[in-house]
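Have a look at the structure below, then the notes.
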Amino acid sequence: MNLRRLARVRHARGISQSELANRSRTSLATIQNIEAGRANPSLATLERIVHELGLRLELRNTPPDWGRLASLGLPLLTTQETFVRPEKDLLRQELSTLSTDTLHALVDPREAGAMRAWLSALHDHYPQLWDRLAPHLNQWLEKQKLSGPEIKLRRIALSKLADYL
């Protein structure tokens, strides 16, 4: 669930932010930041909030959306056309959904190589953006070594990222 959707559920249930904060034993600022997409709540905090909204929290590993990632500069050919400049928020959404478990689960060598190249380009050439959106991937990226073809893919990713960013 996108954390910003919690606001819609809260509104539909007729609960104010203050009331939700009190019920879930969470600060009002945390509720406001979660709804604004600026928070990274702990699992315990999120469980309390979701419970008070009558929702169920389910954690699952979802496969990457390769077409969307390609539109964000991932150097991988897809069946989707990627000529349209994506929404600004799309990169943030995609990076927040990536996890080290998802990355470790990549079995297709082309997809794994493209992902290494793309994340490496983001990390090295857009460090402020990386620190804001993907620090949770630092440990995984530090263990990766780019092969010769992946270095070429990294250049392609940089070119696409430069157009996007």
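Lettering and numbering for the structure tokens are positional, with chains as A, B, ... in the shown order, residues counted from 1 in each chain, and ligands counted from 1 in the shown order.
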
Practice problem: Please identify which residues in chain A DSSP calls helix (DSSP H, G or I) from the backbone, and express them as a PyMOL selection string. | Solution: chain A and resi 5-13+17-23+28-36+43-52+66-71+88-97+100-104+109-125+127-133+135-142+148-164

Quiz prompt | Asp101 (chain A) environment, 8 Å, only C-alpha atoms, sequence neighbours closer than 3 positions dropped, as a PyMOL selection string | solution = chain A and resi 61+104-105

Any chance you can output those residues with N, CA and C atoms as a PDB file, in the first residue's frame?
```
ATOM      1  N   ASN A  61       6.938  -9.399  -1.265  1.00  0.00           N
ATOM      2  CA  ASN A  61       7.968  -9.012  -2.212  1.00  0.00           C
ATOM      3  C   ASN A  61       7.335  -8.961  -3.592  1.00  0.00           C
ATOM      4  N   HIS A 104      18.067  -9.307  -4.729  1.00  0.00           N
ATOM      5  CA  HIS A 104      18.705 -10.622  -4.621  1.00  0.00           C
ATOM      6  C   HIS A 104      17.922 -11.696  -5.373  1.00  0.00           C
ATOM      7  N   ALA A 105      16.624 -11.471  -5.538  1.00  0.00           N
ATOM      8  CA  ALA A 105      15.774 -12.465  -6.195  1.00  0.00           C
ATOM      9  C   ALA A 105      15.828 -12.391  -7.724  1.00  0.00           C
TER      10      ALA A 105
END
```

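The interatomic distance for the pair CA of Leu95 (chain A) and CA of Ala134 (chain A) works out to 6.1 Å.
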
Distance table requested - region 41-115 of chain A against region 144-148 of chain A, cut-off 12 Å, only C-alpha atoms: one row per qualifying residue with the closest atom pair and its distance in Å to one decimal, ordered by chain and rising residue number, as JSON lines.
```
{"residue": "A:Thr100", "atom": "CA", "partner": "A:Gln144", "partner_atom": "CA", "distance": 11.9}
{"residue": "A:Leu103", "atom": "CA", "partner": "A:Gln144", "partner_atom": "CA", "distance": 11.0}
{"residue": "A:His104", "atom": "CA", "partner": "A:Gln144", "partner_atom": "CA", "distance": 10.9}
{"residue": "A:Pro109", "atom": "CA", "partner": "A:Ser147", "partner_atom": "CA", "distance": 11.5}
{"residue": "A:Arg110", "atom": "CA", "partner": "A:Ser147", "partner_atom": "CA", "distance": 11.7}
{"residue": "A:Ala112", "atom": "CA", "partner": "A:Gln144", "partner_atom": "CA", "distance": 10.4}
{"residue": "A:Gly113", "atom": "CA", "partner": "A:Leu146", "partner_atom": "CA", "distance": 7.7}
{"residue": "A:Ala114", "atom": "CA", "partner": "A:Leu146", "partner_atom": "CA", "distance": 9.9}
{"residue": "A:Met115", "atom": "CA", "partner": "A:Leu146", "partner_atom": "CA", "distance": 10.5}
```

Would you put the residues from that selection into a file with C-alpha atoms, as a CSV table (one decimal), in the first residue's frame?
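Result went into selection.csv, see below:
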```csv
chain,number,residue,atom,x,y,z
A,100,THR,CA,17.4,-5.9,-1.2
A,103,LEU,CA,17.3,-7.3,-5.9
A,104,HIS,CA,18.7,-10.6,-4.6
A,109,PRO,CA,21.1,-11.9,-15.8
A,110,ARG,CA,20.0,-9.1,-18.2
A,112,ALA,CA,20.1,-8.0,-12.8
A,113,GLY,CA,22.9,-6.4,-14.9
A,114,ALA,CA,20.6,-3.5,-16.0
A,115,MET,CA,19.5,-3.0,-12.4
```

Practice problem: Tell me which of A:Thr30, A:Asn138, A:Ser24, A:Ser120 sits closest to Leu74 (chain A), counting only C-alpha atoms. | Solution: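 Selected residue with least distance to Leu74 (chain A): A:Ser120.
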
Exercise. Please identify all polymer residues within 10 Å of Glu111 (chain A), counting only C-alpha atoms, omitting same-chain residues fewer than 3 positions from it, and present them as a list in words.
Key: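 Listing them by chain and then by number gives Pro64, Trp66, Leu74, Pro75, Leu76, Leu77, Leu103, Leu106, Val107, Asp108, Ala114, Met115, Arg116 and Ala117 of chain A.
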
Exercise. Check the smallest atom-to-atom distance from each of A:Ala21, A:Ala7, A:Ala39, A:Ala157 to Arg132 (chain A) using only C-alpha atoms, then report the winner.
Key: A:Ala39

Self-check item: Pick from A:Ser42, A:Glu52, A:Arg68, A:Glu47 nearest to Arg10 (chain A), counting only C-alpha atoms
Solution: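 The answer is A:Glu52, which sits nearest to Arg10 (chain A).
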
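Among the candidates A:Ile151, A:Leu133, A:Leu165, A:Leu122, the residue lying nearest to Gly37 (chain A) is A:Leu133 (atoms considered: only C-alpha atoms).
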
Quiz prompt | Top pick for closest residue to Gln17 (chain A), considering A:Trp118, A:Thr45, A:Leu53, A:Arg60 and counting only C-alpha atoms | solution =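 Result for the nearest residue to Gln17 (chain A): A:Leu53.
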
Exercise. Measure the distance from CA of Leu129 (chain A) to CA of Ser71 (chain A) in Å and round it to one decimal.
Key: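 So the answer is 17.5 Å.
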
Self-check item: Given only C-alpha atoms as the counted atoms, nearest of A:Tyr126, A:Gln93, A:Ala44, A:Leu72 to Leu57 (chain A)
Solution: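 The shortest atom-to-atom distance to Leu57 (chain A) comes from A:Ala44.
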